[in-house]
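Structure first, then comments.
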Amino acid sequence: MKHYYIRPFLILLTVFFLSTGFTKAQQLLHEPVKNTRSGIARVSVSGRVSDAQTGEPLAGASVYIADAKTGAITDANGAYMIRNIAAGSYLIEISFVGYSSITEQVKLAGDLQKNFALLPSVLENEGITVTGVSSATKIKRTPTPVTIVSKKELTQATATNLIDALSKNPGIAQVSTGPSISKPIIRGLGYNRVVVLNDGIRQEGQQWGDEHGIEIDEYSVQKVEILKGPASLIYGSDAMAGVINILTNVPAPEGTIKGNIIGNYQTNNKLRGFGANLAGNKNGLNWNVYGSFKGAQDYKNKYDGYVFNSKFNEKNMGGYMGYNGSWGYSHIIISSFNQEPGLIEGSRDALTGKFIREINNNGIAETRIAERGDFSGIHPGIPRQHIQHFKVAADNRFNVGNGKLSVNLGFQNNKRKEFADVLKPDEPGLYFNLNTFTYNVQYHFPDNNKWKTAVGITGMQQSNTNKAAEALIPEYHLFDAGAFVYTQRNYNRFTISGGIRFDNRGIDSKKLTENNETKFEPFTRSFSNVSGSAGISYEAGKTTTLKFNIARGFRAPGIAELASNGTHEGTNRYEYGDQSLRSETSLQADIGAEVNTAHLSLSATGFINSIDHFIFYRKLSNVNGGDSLVHVNGDDITAFTFSQAKALLYGAEFYMDIHPHPLDWLHFENTFSYVIGEFNRPVEGVKHIPFIPAARLITQLKAEFLQKGKKIRNLSVTAEADNTFRQNKAFTAYNTETPAKGYSLLNVFIGADIVQHKKTLFSVYVSGSNLANTAYQSHLSRLKYTAVNDVTGRQGVFNMGRNFSVKINVPLSF
């Protein structure tokens with residue numbers, strides 16, 4: 001391990017051993033009613049959960065306290081008990097399938113007995129978020145737009161990766177490079193403008209590249225929270241578009257051992273997916289372990305047939321162990337992600353139009369037409385990637401006086417290898433080795449006249465080394481630090497919140513010499529910025545909530561934008577960084593309304609986002625004013641660099657669910673997303689900024705039956721029309737983008753729980769996507785810009801054709 005990582009890694013280990021030692025001491029002492037050193041009383045909350053209409057107990061209801069990361073499941077009599085909680089104020093969430101959730105703020109000064117009565121409902125109309133706020137908060141009380149995606153929704157989705165599953169939510173899109181690699185786009189902004197969190201740790205890989213995914217195991221996810229809009233106040237640089245918070249560390253209820261086994265098969269590319277996890281919680285000691293495997297051969301569509309080298313395989317594992325006591329909690333989280341995706345070049349034979357592949361013929365590189373056997377199997381050929389991501393984190397919260405101290409530390413190692421030489425198939429042409437240490441320390445003051453205030457420091461230390469002959473970005477060190485204050489005040493009908501933050505990021509880029517020529521000049525840069533937000537959420541009535549928020553975000557330029565020097569694969573560009581780039585800054589306003597009645601759910605949000613110093617590509621001119629060309633491997637490639645301009649993005653998201661009485665089992669759902677992005681002044685005569693998703697309307701007709709069936713329960717049948725409109729507003733300057741045609745996809749879904757003696761034996765989900773086998777190209781698919789098929793005249797590779805999926809989930813409970 002490099003010397004500059006010894007200190008942060010020792011800090012992480014120290015926290016682990018101290019917390020483990022403290023945990024052991026607490027166990028040996030059997031946790032007395034009061035910790036005499038700290039004066040912190042430990043209390044319990046207990047009671048009964050019942051049906052508000054019939055009074056019958058609800059067995060299996062969930063009672064969860066997010067800030068304490070503890071909870072319980074009701075027994076056959078509807079009774080629950082949560083022990084070992086420090087005195088204080090908490091937001092408690094009660095939920096049960098088929099009933100409206102309840103969230104309620106409770107003050108625990110001593111043991112509390114609290115009963116809850118849930119109303120039957122066809123909608124999940126309440127929830128809690130921890131993203132973008134200092135402590136668990138009702139979604140209704142947050143002024144920023146937040147979407148919650150549950151594990152059940154992810155399980156029911158037909159998708160080839162996690163971001164693909166999330167992309168049907170309003171305002172969310174994906175840049176894809178085949179079925180295994182997707183990057184999130186929030187309201188037209190992506191790459192380093194979106195922060196992805198995994199259990200509170202910034203997911204740090206190679207976010208700057210098209211061919212880099214998010215490196216998180218899909219089957220391990222328990223819940224996803226999506227925050228749309230600048231979130232630099234809590235998360236610092238790069239959260240300018242929003243945050244996707246992926247939660248895997250959700251402790252099992254006290255006194256239980258739970259888990260599940262899931263299997264998935266998809267017909268189009270013969271995807272086989274298997275996942276298993278087991279979690280337990282006994283007397284405060286809680287743990288979870290999981291493992292998964294996915295493998296798929298080449299997918300197919302109506303125009304291309306089987307798409308050569310779109311196969312992939314993935315093997316992941318991880319888990320956590322921790323302890324929850326009256327003093328707080330301490331959890332150690334470990335994960336390992338291992339993926340091998342193929343890279344699709346799209347090259348075809350000029351006479352037949354069939355895909356070609358490169359082979360090693362006795363030490364000579366040759367090409368031939370791909371044969372039937374070349375499309376099968378789960379191990380990709382050349383070119384391919386091998387991505388390994390290892391992470392260890394310490395997630396802690398300690399009760400300090402009447403307040404709470406959160407300490408979240410993490411270490412990540414990201415290895416990305418690219419193999420492109422058929423004569424040396426096991427020798428990487430590119431090899432990035434990225435080490436990142438992140439820290440997040442927050443102190444949450446005790447409630448003061450309904451004010452909740454937190455202060456914190458967050459940041460990271462990062463280092464990249466190149467371990468292959470070819471290098472696209474230099475080796476560098478980065479140190480990032482920021483401090484913030486956030487406050488929130490709850491009134492009877494409205495909530496105000498906001499805060500301010502200061503950040504500084506320093507980059508030290510190293511010199512690299514190749515063939516006695518300097519490829520990367522050394523340089524140092526420092527970026528400082530102030531961000532902040534202010535917002536209000538107003539409950540105009542029992543069914544209506546109004547929201548307004550204004551926020552300033554920022555993003556420091558990434559190392560690829562500052563210092564790249566090499567060919568960007570798939571774009572046929574030679575890219576030069578620009579060390580003079582400034583930070584992007586944004587000012588965004590959001591306004592929205594939500595209406596939830598017994599038979600109508602409606603939400604509408606509009607936003608406008610002004611960005612200064614927006615970074616984008618432009619051609620590099622030579623001394624005579626023409627295009628600058630770089631000679632690489634016998635070819636002349638056009639040179640590009642990065643430029644900046646003022647940009648404006650604006651748009652709206654709309655959701656409506658009609659479930660009319662007395663047909664409460666029937667849902668007519670519509671989701672619409674629309675965003676426009678424009679430069680303040682046209683660039684080469686084009687005013688549209690790149691990578692803006694097309695407008696999208698998803699219409700569903702859903703029927704739900706047998707919520708209390710004896711053999712079959714929670715039967716759901718859905719017919720869906722997924723309509724993507726034509727995207728004419730493309731950034732056509734420098735041949736960056738081309739317009740995209742609109743298309744409509746017809747999808748169906750049926751799912752149910754198979755029950756015996758009121759216990760779910762397993763759940764089965766069968767779905768069909770793109771039933772009409774429509775040939776289409778998503779505007780944000782990078783495969784759209786691969787080689788032209790000389791026989792058909794079509795450019796690029798098309799998206800997946802008709803696909804059927806069968807998914808079985810077996811719950812485990814001991």
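Simple scheme: letters A, B, ... for chains in structure tokens order, numbers from 1 for residues in each chain, numbers from 1 for ligands in the order shown.
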
Distance query Glu594 (chain A) at most 9 Å, only C-alpha atoms, self and fewer than 6 positions along chain excluded, as a ChimeraX atom specification:
/A:140,543-547,601-605

Mind dumping the selected residues with N, CA, C and O atoms as a PDB file, in the first residue's frame?
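File written: out.pdb
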```
ATOM      1  N   LYS A 140     -42.558  14.042   2.649  1.00  0.00           N
ATOM      2  CA  LYS A 140     -43.426  15.214   2.534  1.00  0.00           C
ATOM      3  C   LYS A 140     -42.767  16.472   3.082  1.00  0.00           C
ATOM      4  O   LYS A 140     -43.086  17.578   2.652  1.00  0.00           O
ATOM      5  N   THR A 543     -54.382  16.307   2.041  1.00  0.00           N
ATOM      6  CA  THR A 543     -54.072  15.592   0.799  1.00  0.00           C
ATOM      7  C   THR A 543     -53.076  16.317  -0.096  1.00  0.00           C
ATOM      8  O   THR A 543     -52.626  15.747  -1.084  1.00  0.00           O
ATOM      9  N   THR A 544     -52.742  17.563   0.226  1.00  0.00           N
ATOM     10  CA  THR A 544     -51.960  18.392  -0.699  1.00  0.00           C
ATOM     11  C   THR A 544     -50.696  18.921  -0.029  1.00  0.00           C
ATOM     12  O   THR A 544     -50.756  19.452   1.088  1.00  0.00           O
ATOM     13  N   THR A 545     -49.566  18.793  -0.727  1.00  0.00           N
ATOM     14  CA  THR A 545     -48.292  19.328  -0.254  1.00  0.00           C
ATOM     15  C   THR A 545     -47.666  20.159  -1.358  1.00  0.00           C
ATOM     16  O   THR A 545     -47.610  19.730  -2.516  1.00  0.00           O
ATOM     17  N   LEU A 546     -47.198  21.359  -0.989  1.00  0.00           N
ATOM     18  CA  LEU A 546     -46.518  22.258  -1.923  1.00  0.00           C
ATOM     19  C   LEU A 546     -45.055  22.385  -1.503  1.00  0.00           C
ATOM     20  O   LEU A 546     -44.747  22.441  -0.306  1.00  0.00           O
ATOM     21  N   LYS A 547     -44.150  22.447  -2.509  1.00  0.00           N
ATOM     22  CA  LYS A 547     -42.728  22.511  -2.208  1.00  0.00           C
ATOM     23  C   LYS A 547     -42.027  23.545  -3.083  1.00  0.00           C
ATOM     24  O   LYS A 547     -42.376  23.732  -4.246  1.00  0.00           O
ATOM     25  N   SER A 601     -53.618   9.999  -7.082  1.00  0.00           N
ATOM     26  CA  SER A 601     -52.298  10.462  -6.666  1.00  0.00           C
ATOM     27  C   SER A 601     -51.708  11.265  -7.811  1.00  0.00           C
ATOM     28  O   SER A 601     -51.695  10.814  -8.956  1.00  0.00           O
ATOM     29  N   LEU A 602     -51.218  12.450  -7.475  1.00  0.00           N
ATOM     30  CA  LEU A 602     -50.746  13.368  -8.508  1.00  0.00           C
ATOM     31  C   LEU A 602     -49.542  14.127  -7.993  1.00  0.00           C
ATOM     32  O   LEU A 602     -49.531  14.596  -6.846  1.00  0.00           O
ATOM     33  N   SER A 603     -48.511  14.225  -8.805  1.00  0.00           N
ATOM     34  CA  SER A 603     -47.363  15.067  -8.459  1.00  0.00           C
ATOM     35  C   SER A 603     -46.850  15.740  -9.719  1.00  0.00           C
ATOM     36  O   SER A 603     -46.843  15.144 -10.798  1.00  0.00           O
ATOM     37  N   ALA A 604     -46.449  16.976  -9.583  1.00  0.00           N
ATOM     38  CA  ALA A 604     -45.902  17.750 -10.699  1.00  0.00           C
ATOM     39  C   ALA A 604     -44.755  18.600 -10.178  1.00  0.00           C
ATOM     40  O   ALA A 604     -44.880  19.249  -9.129  1.00  0.00           O
ATOM     41  N   THR A 605     -43.642  18.593 -10.894  1.00  0.00           N
ATOM     42  CA  THR A 605     -42.459  19.353 -10.493  1.00  0.00           C
ATOM     43  C   THR A 605     -41.877  20.051 -11.711  1.00  0.00           C
ATOM     44  O   THR A 605     -41.721  19.435 -12.763  1.00  0.00           O
TER      45      THR A 605
END
```

Within 6 Å of Thr74 (chain A), counting only C-alpha atoms, which residues qualify if same-chain residues fewer than 2 places away don't, as an MDAnalysis selection string?
chainID A and resid 59:61 78:80

Out of A:His667, A:Arg272, A:Lys758, A:Arg368, which residue has the shortest atom-to-atom distance to Leu58 (chain A) when counting only C-alpha atoms?
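Smallest distance to Leu58 (chain A) is found for A:Lys758.
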
Considering only C-alpha atoms, return as a list in words whatever protein or nucleic-acid residues lie within 8 Å of region 409-416 of chain A, sequence-local ones (same chain, fewer than 5 positions apart) excluded.
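Here the answer would be Phe9, Leu12, Ile201, Glu204, Gly205, Gln385, His386, Ile387, Gln388, His389, Phe390, Lys391, Val392, Ala393, Ala394, Asp395, Leu430, Tyr431, Phe432, Asn433, Leu434, Asn435, Thr436, Phe437, Thr438, Tyr439 and Asn440 of chain A.
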
Keeping N, CA and C atoms for every residue in the selection just given, could you write it to a file as a short mmCIF file (atom, residue, chain, number, x, y, z; two decimals), in the first residue's frame?
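Writing done, so here's result-v4.cif:
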```cif
data_model
loop_
_atom_site.label_atom_id
_atom_site.label_comp_id
_atom_site.auth_asym_id
_atom_site.auth_seq_id
_atom_site.Cartn_x
_atom_site.Cartn_y
_atom_site.Cartn_z
N PHE A 9 -5.88 4.54 6.24
CA PHE A 9 -6.28 3.16 6.46
C PHE A 9 -6.13 2.80 7.94
N LEU A 12 -9.13 4.09 9.77
CA LEU A 12 -10.28 3.19 9.59
C LEU A 12 -10.16 1.98 10.50
N ILE A 201 -21.22 6.02 1.53
CA ILE A 201 -19.87 6.20 0.98
C ILE A 201 -20.00 6.61 -0.48
N GLU A 204 -16.58 5.77 -5.81
CA GLU A 204 -15.55 6.39 -6.62
C GLU A 204 -14.90 5.35 -7.53
N GLY A 205 -15.19 5.48 -8.85
CA GLY A 205 -14.55 4.64 -9.85
C GLY A 205 -14.04 5.51 -10.98
N GLN A 385 -13.35 -5.62 -20.88
CA GLN A 385 -12.89 -4.98 -19.66
C GLN A 385 -12.91 -5.99 -18.52
N HIS A 386 -12.13 -5.69 -17.50
CA HIS A 386 -12.21 -6.41 -16.23
C HIS A 386 -12.20 -5.36 -15.13
N ILE A 387 -13.33 -5.26 -14.42
CA ILE A 387 -13.48 -4.24 -13.38
C ILE A 387 -13.58 -4.92 -12.03
N GLN A 388 -12.74 -4.49 -11.11
CA GLN A 388 -12.77 -4.99 -9.73
C GLN A 388 -12.88 -3.79 -8.79
N HIS A 389 -13.85 -3.86 -7.89
CA HIS A 389 -14.04 -2.76 -6.94
C HIS A 389 -14.17 -3.35 -5.54
N PHE A 390 -13.22 -3.01 -4.68
CA PHE A 390 -13.24 -3.47 -3.29
C PHE A 390 -13.48 -2.28 -2.38
N LYS A 391 -14.31 -2.49 -1.35
CA LYS A 391 -14.63 -1.39 -0.44
C LYS A 391 -14.78 -1.91 0.98
N VAL A 392 -14.23 -1.17 1.93
CA VAL A 392 -14.44 -1.43 3.34
C VAL A 392 -14.79 -0.10 4.00
N ALA A 393 -15.81 -0.09 4.83
CA ALA A 393 -16.29 1.16 5.43
C ALA A 393 -16.68 0.93 6.88
N ALA A 394 -16.56 1.97 7.66
CA ALA A 394 -17.01 1.98 9.05
C ALA A 394 -18.12 3.01 9.18
N ASP A 395 -19.31 2.56 9.52
CA ASP A 395 -20.48 3.42 9.67
C ASP A 395 -20.84 3.45 11.15
N LEU A 430 -4.88 -0.83 -21.13
CA LEU A 430 -5.15 0.20 -20.14
C LEU A 430 -5.34 -0.45 -18.79
N TYR A 431 -4.82 0.19 -17.74
CA TYR A 431 -4.98 -0.36 -16.40
C TYR A 431 -4.95 0.82 -15.42
N PHE A 432 -6.14 1.23 -14.99
CA PHE A 432 -6.26 2.28 -13.98
C PHE A 432 -6.38 1.64 -12.60
N ASN A 433 -5.62 2.13 -11.65
CA ASN A 433 -5.71 1.65 -10.27
C ASN A 433 -5.99 2.86 -9.38
N LEU A 434 -7.22 2.95 -8.90
CA LEU A 434 -7.69 4.13 -8.17
C LEU A 434 -7.94 3.78 -6.72
N ASN A 435 -7.27 4.49 -5.81
CA ASN A 435 -7.49 4.32 -4.38
C ASN A 435 -8.15 5.58 -3.82
N THR A 436 -9.18 5.40 -3.01
CA THR A 436 -9.91 6.53 -2.45
C THR A 436 -10.22 6.28 -0.98
N PHE A 437 -9.90 7.26 -0.15
CA PHE A 437 -10.30 7.27 1.25
C PHE A 437 -11.29 8.40 1.45
N THR A 438 -12.49 8.09 1.94
CA THR A 438 -13.53 9.10 2.16
C THR A 438 -13.83 9.22 3.64
N TYR A 439 -14.24 10.41 4.04
CA TYR A 439 -14.62 10.64 5.44
C TYR A 439 -15.83 11.57 5.49
N ASN A 440 -16.66 11.32 6.48
CA ASN A 440 -17.87 12.12 6.70
C ASN A 440 -18.14 12.12 8.20
#
```

Residues within 10 Å of Gly88 (chain A), please, as number ranges by chain. Count only C-alpha atoms; anything in the same chain fewer than 3 positions from it doesn't count.
A: 40-43, 85, 106-110, 399, 402-404, 446-447

Residues near Pro341 (chain A), anyone? I mean within 12 Å using only C-alpha atoms, not counting same-chain ones fewer than 4 positions away, as a PyMOL selection string.
chain A and resi 177-182+211-213+215+294-298+308-315+378-388+416-419

Residue neighbourhood Gln700 (chain A), 7 Å, only C-alpha atoms, exclusion window fewer than 2 positions, as an MDAnalysis selection string
chainID A and resid 668:670 698 702 718:721

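What separates CA of Arg489 (chain A) from CA of Glu104 (chain A) is a distance of 15.6 Å.
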